[in-house]
Amino acid sequence: SEAGGEKDLVIIGGGVAGYVAAIKAGQEGFKVACIEKRGSLGGTCLNVGCIPSKSLLNNSHLYHQILHDSKGRGIEVGDVKLNLSQLMKAKEQSVTGLTKGIEFLFKKNGVEYVKGTGSFVDEHTVKVDLNDGGETTLKGKNIIIATGSEATPFPGLEIDEKRVVTSTGALSLEKVPESLVVIGGGIIGLEMASVWSRLGAKVTVVEFLGQIGGPGMDSEISKTAQKILKKQGIDFKLNTKVVSGDTSGDKIKLEVDAAKGGKPETLEGEVVLVAIGRRPYTEGLGLENIGLDVDDRGRVVIDSEYRTKHPHIRCVGDVTFGPMLAHKAEDEGLAVVEYLKKGYGHVNYGCIPAVMYTHPEVAWVGQTEQDLKAQNVAYKVGTFPFSANSRAKTNADADGIVKVIADAETDRLLGVHIVGPGAGEMIAEGTLALEYGASSEDIARTTHAHPTLSEALKEAAMATYNRAIHF
Ligand code: FAD
Ligand code: NAD
């Protein structure tokens, strides 16, 4: 279709939320355009998030395992060397392959891809400053805002993406730093800490709260994960706040304050990663031209059908409410187009899995013990250690536990929390069970193949009524 002109749907942002909505809209027969300024589709997730981080995590894990965990398995290797530029090349190839794949899917589904920066002129008009120069104007009967998020800066520490980095710089360091200090022990902090620690950096994670993993991780799981990561050589400073930074010297100096009892101290790092969260991104979008407000955390305000106060302008993904996760953004992208097409759509916000791709992985869905305590819900817990799971033991990869939480009275599943090998894949079973309102007994009575890691979930479900077999 020709550039510019009148569309059924104009989408601003070609990240996971925007591109999925665009493909779905194409499938449903909408005349749809998707505006993306980055020069490639897939947003944060594909370009500088989920995908490149998983490439580095996977390959750094292989490297580390070959170095430290092969001899006992009967595999003797010669000189093991790190080729960092090849590691980065492999990462770039995985990114390019996937982002090009979306371009292909756009063509296949008749989505017009407009390369440039979109901003509202009025409630139905979006002006695009084209990446190649010049501008065009799109008119949309409906418009979706899907402009995503950006790293929250740390006041007083200027990001140069070389020495003081966000995740974006941390995904592309040119050499392995001798030392890395990570500000923020959330998921980004811990995934990047794992990568660089495995490749040889001395890594210290400074976390303001008393537990790692960011908001939403079950405290018992968080403690278990921290112990395992510590064993791998990552240092943690919890209940510790970074107060200020000084980049003038050879090394970056951070002044930290221990919240509970400890003394102020100075930490030094060759590289510092700022990973204190992400914030909605609406810069240059021209929201002021259509009278749209954001809330105190910068989020575009919407109702339960993703409508802003202009009902034909909807908003999904990281730029609005809810967890900043790719699969949440994707499902909102689908749901918003269903609203447009059929008048109804659905995302179950009580049932969105989260995965931290360290080794072992941490994954969870539903409520944590601390959530349930706060709500005064009577619950029971079943836990099962991977050290009692035959497959994990056989693989000599048996750190971690599965924890199943069920309603004390009805046995309805309330949450599944896993730290262990393959947790990210295993959580799909817990998610499906939760979505379908299963009881822990339903999981326990479902036949699980032997020998598999997922038997640990079955046994944890049995443990909610004290009937685990192997522990
Ligand atoms: P984004 O992906 O941020 O996409 C928004 C797009 O809009 C961007 O490409 C931007 O260039 C474009 N844009 C913005 N303004 C304009 C404008 N005015 N005109 C045109 N285009 C514009 N989530 C997971 O679920 N799993 C993971 O493993 C995971 N790993 C991550 C690792 C890292 C290092 C980071 C930073 C994030 C990770 N996330 C992960 C989070 C995930 O990336 C986000 O939740 C997801 O990308 C949100 O999608 P989105 O479409 O809402 O926004
Ligand atoms: P986060 O909110 O998960 O964690 C930030 C951490 O920094 C928190 O634990 C917070 O207490 C701490 N912190 C804040 N200020 C601090 C200070 N001054 N000193 C010390 N600690 C401080 O954010 P993130 O890890 O930056 O990730 C951003 C978003 O990206 C999250 O929503 C996350 O879910 C998403 N993400 C997801 C994945 C995944 O799904 N695997 C991977 C990466 C990122």
# chains A, B, ... in the order shown; residues from 1 in each chain; ligands from 1
call {"tool": "residues_near_ligand", "arguments": {"ligand": "ligand 2", "cutoff": "7 Å", "atoms": "only C-alpha atoms and all ligand atoms", "output": "number ranges by chain"}}
result
A: 49-50, 151, 183-189, 206-209, 212-215, 240-243, 275-278, 323-325, 354-357
call {"tool": "closest_atom_pairs", "arguments": {"of": "chain A", "to": "ligand 1", "cutoff": "6 Å", "atoms": "only C-alpha atoms and all ligand atoms", "output": "CSV"}}
result
residue,atom,partner,partner_atom_place_in_ligand_line,distance
A:Ile12,CA,ligand 1,20 (C),5.3
A:Gly13,CA,ligand 1,7 (O),3.3
A:Gly14,CA,ligand 1,6 (C),4.9
A:Gly15,CA,ligand 1,4 (O),3.3
A:Val16,CA,ligand 1,51 (O),3.9
A:Ala17,CA,ligand 1,51 (O),3.7
A:Gly18,CA,ligand 1,51 (O),5.3
A:Ile35,CA,ligand 1,20 (C),5.0
A:Glu36,CA,ligand 1,21 (N),3.7
A:Lys37,CA,ligand 1,21 (N),4.3
A:Arg38,CA,ligand 1,11 (O),4.5
A:Gly43,CA,ligand 1,9 (O),3.2
A:Thr44,CA,ligand 1,2 (O),3.7
A:Cys45,CA,ligand 1,43 (O),3.4
A:Val48,CA,ligand 1,34 (C),6.0
A:Gly49,CA,ligand 1,33 (C),3.3
A:Cys50,CA,ligand 1,30 (N),3.3
A:Ser53,CA,ligand 1,32 (C),5.9
A:Gly116,CA,ligand 1,20 (C),5.8
A:Thr117,CA,ligand 1,19 (N),3.6
A:Gly118,CA,ligand 1,19 (N),3.9
A:Ser119,CA,ligand 1,18 (N),5.6
A:Ala146,CA,ligand 1,52 (O),5.5
A:Thr147,CA,ligand 1,7 (O),3.7
A:Gly148,CA,ligand 1,53 (O),3.1
A:Ser149,CA,ligand 1,3 (O),4.8
A:Ser167,CA,ligand 1,34 (C),4.9
A:Ile188,CA,ligand 1,34 (C),5.6
A:Gly284,CA,ligand 1,18 (N),5.9
A:Leu285,CA,ligand 1,18 (N),4.7
A:Gly317,CA,ligand 1,52 (O),3.3
A:Asp318,CA,ligand 1,52 (O),3.9
A:Val319,CA,ligand 1,52 (O),6.0
A:Met324,CA,ligand 1,45 (O),4.1
A:Leu325,CA,ligand 1,45 (O),3.4
A:Ala326,CA,ligand 1,25 (O),3.7
A:His327,CA,ligand 1,25 (O),5.2
A:Ala329,CA,ligand 1,52 (O),5.2
call {"tool": "write_last_selection", "arguments": {"atoms": "N, CA, C and O atoms", "output": "compact mmCIF listing (two decimals), in the first residue's frame"}}
result
# COMPACT_ATOMS: atom_id res chain seq x y z
N ILE A 12 1.94 3.41 16.81
CA ILE A 12 3.21 4.12 17.04
C ILE A 12 4.08 3.26 17.92
O ILE A 12 3.78 3.03 19.10
N GLY A 13 5.17 2.73 17.35
CA GLY A 13 6.07 1.83 18.07
C GLY A 13 6.00 0.43 17.49
O GLY A 13 4.93 -0.16 17.42
N GLY A 14 7.15 -0.08 17.08
CA GLY A 14 7.22 -1.41 16.47
C GLY A 14 7.90 -2.41 17.38
O GLY A 14 8.60 -3.31 16.93
N GLY A 15 7.72 -2.24 18.72
CA GLY A 15 8.20 -3.24 19.68
C GLY A 15 7.25 -4.41 19.73
O GLY A 15 6.38 -4.56 18.86
N VAL A 16 7.39 -5.23 20.75
CA VAL A 16 6.58 -6.45 20.83
C VAL A 16 5.08 -6.12 20.84
O VAL A 16 4.29 -6.73 20.14
N ALA A 17 4.71 -5.11 21.63
CA ALA A 17 3.29 -4.74 21.71
C ALA A 17 2.81 -4.26 20.34
O ALA A 17 1.78 -4.72 19.84
N GLY A 18 3.57 -3.34 19.73
CA GLY A 18 3.15 -2.72 18.48
C GLY A 18 3.21 -3.66 17.29
O GLY A 18 2.27 -3.72 16.49
N ILE A 35 4.54 2.57 12.84
CA ILE A 35 5.65 3.54 12.77
C ILE A 35 6.73 3.13 13.76
O ILE A 35 6.46 2.94 14.94
N GLU A 36 7.96 2.99 13.29
CA GLU A 36 9.07 2.65 14.20
C GLU A 36 10.29 3.46 13.82
O GLU A 36 10.67 3.52 12.66
N LYS A 37 10.91 4.07 14.82
CA LYS A 37 12.02 5.00 14.55
C LYS A 37 13.40 4.36 14.64
O LYS A 37 14.39 4.93 14.22
N ARG A 38 13.47 3.16 15.23
CA ARG A 38 14.75 2.55 15.58
C ARG A 38 15.58 2.11 14.37
O ARG A 38 16.80 1.93 14.46
N GLY A 43 11.54 -3.70 18.74
CA GLY A 43 11.66 -2.90 19.96
C GLY A 43 12.82 -3.27 20.85
O GLY A 43 13.83 -3.85 20.41
N THR A 44 12.66 -2.91 22.11
CA THR A 44 13.67 -3.20 23.13
C THR A 44 13.96 -4.69 23.17
O THR A 44 15.12 -5.12 23.19
N CYS A 45 12.90 -5.47 23.20
CA CYS A 45 13.03 -6.92 23.41
C CYS A 45 13.98 -7.56 22.40
O CYS A 45 14.94 -8.23 22.76
N VAL A 48 17.65 -4.86 21.99
CA VAL A 48 18.56 -4.60 23.11
C VAL A 48 18.01 -5.17 24.42
O VAL A 48 18.28 -4.63 25.50
N GLY A 49 17.22 -6.22 24.35
CA GLY A 49 16.61 -6.76 25.56
C GLY A 49 16.64 -8.27 25.61
O GLY A 49 17.71 -8.89 25.60
N CYS A 50 15.44 -8.84 25.61
CA CYS A 50 15.26 -10.29 25.75
C CYS A 50 16.24 -11.11 24.90
O CYS A 50 16.92 -11.99 25.41
N SER A 53 20.23 -10.53 25.26
CA SER A 53 20.66 -10.98 26.60
C SER A 53 20.64 -12.50 26.68
O SER A 53 21.53 -13.10 27.29
N GLY A 116 10.32 5.90 10.96
CA GLY A 116 10.48 7.28 11.40
C GLY A 116 9.88 7.48 12.77
O GLY A 116 9.43 6.54 13.41
N THR A 117 9.90 8.75 13.21
CA THR A 117 9.40 9.09 14.55
C THR A 117 8.01 9.71 14.44
O THR A 117 7.84 10.71 13.75
N GLY A 118 7.08 9.11 15.12
CA GLY A 118 5.71 9.59 15.04
C GLY A 118 5.38 10.56 16.17
O GLY A 118 5.84 10.37 17.29
N SER A 119 4.60 11.61 15.85
CA SER A 119 4.10 12.47 16.93
C SER A 119 2.71 12.97 16.58
O SER A 119 2.39 13.21 15.41
N ALA A 146 2.33 2.50 21.47
CA ALA A 146 3.09 1.33 21.94
C ALA A 146 4.57 1.70 21.94
O ALA A 146 5.40 1.02 21.33
N THR A 147 4.88 2.80 22.62
CA THR A 147 6.22 3.37 22.52
C THR A 147 7.20 2.84 23.57
O THR A 147 8.35 3.27 23.61
N GLY A 148 6.75 1.93 24.43
CA GLY A 148 7.69 1.20 25.27
C GLY A 148 8.29 1.96 26.43
O GLY A 148 7.69 2.87 27.00
N SER A 149 9.53 1.60 26.76
CA SER A 149 10.18 2.14 27.95
C SER A 149 11.67 2.35 27.70
O SER A 149 12.20 1.93 26.67
N SER A 167 21.59 -1.51 30.47
CA SER A 167 21.65 -2.86 29.88
C SER A 167 22.16 -2.80 28.44
O SER A 167 22.87 -3.69 27.99
N ILE A 188 17.37 -7.42 35.33
CA ILE A 188 18.44 -6.97 34.42
C ILE A 188 19.79 -7.09 35.12
O ILE A 188 20.75 -7.62 34.57
N GLY A 284 8.76 13.20 22.81
CA GLY A 284 8.55 13.61 21.42
C GLY A 284 7.28 13.08 20.79
O GLY A 284 7.04 13.22 19.59
N LEU A 285 6.44 12.43 21.59
CA LEU A 285 5.23 11.81 21.06
C LEU A 285 4.11 12.83 20.86
O LEU A 285 3.12 12.56 20.18
N GLY A 317 1.52 -2.22 26.36
CA GLY A 317 2.95 -2.52 26.54
C GLY A 317 3.58 -1.76 27.69
O GLY A 317 2.90 -1.29 28.60
N ASP A 318 4.89 -1.63 27.65
CA ASP A 318 5.67 -1.03 28.75
C ASP A 318 5.28 0.41 29.05
O ASP A 318 5.54 0.89 30.16
N VAL A 319 4.70 1.11 28.07
CA VAL A 319 4.41 2.54 28.26
C VAL A 319 3.18 2.76 29.13
O VAL A 319 2.91 3.88 29.54
N MET A 324 6.57 -4.92 33.12
CA MET A 324 7.26 -4.63 31.86
C MET A 324 7.87 -5.91 31.32
O MET A 324 9.06 -6.19 31.50
N LEU A 325 7.03 -6.72 30.68
CA LEU A 325 7.46 -8.00 30.14
C LEU A 325 7.00 -8.14 28.70
O LEU A 325 5.90 -7.68 28.35
N ALA A 326 7.80 -8.80 27.90
CA ALA A 326 7.50 -8.92 26.47
C ALA A 326 6.21 -9.69 26.22
O ALA A 326 5.40 -9.30 25.38
N HIS A 327 6.02 -10.79 26.97
CA HIS A 327 4.81 -11.60 26.70
C HIS A 327 3.55 -10.88 27.16
O HIS A 327 2.48 -11.11 26.61
N ALA A 329 3.28 -7.56 26.91
CA ALA A 329 3.11 -6.60 25.82
C ALA A 329 2.48 -7.28 24.60
O ALA A 329 1.57 -6.74 23.96
call {"tool": "closest_residue", "arguments": {"among": "A:Asn59, A:Leu9, A:Asn466, A:Leu46", "to": "Gly101 in chain A", "atoms": "only C-alpha atoms"}}
result
A:Leu46
call {"tool": "residues_around", "arguments": {"residues": "range 444-449 of chain A", "least_positions_apart": "3", "cutoff": "6 Å", "atoms": "only C-alpha atoms", "output": "number ranges by chain"}}
result
A: 441, 455, 458, 461-462
call {"tool": "select_by_dssp", "arguments": {"residues": "range 137-374 of chain A", "states": "strand (DSSP E or B)", "output": "PyMOL selection string"}}
result
chain A and resi 137-145+149-151+164-165+179-183+202-206+235-237+240-246+252-258+265-269+271-274+278-280+294+300+307+313-315+354-356+361-366
call {"tool": "residues_around", "arguments": {"residues": "Gln232 in chain A", "least_positions_apart": "3", "cutoff": "10 Å", "atoms": "only C-alpha atoms", "output": "PyMOL selection string"}}
result
chain A and resi 194+197-198+226-229+235+359
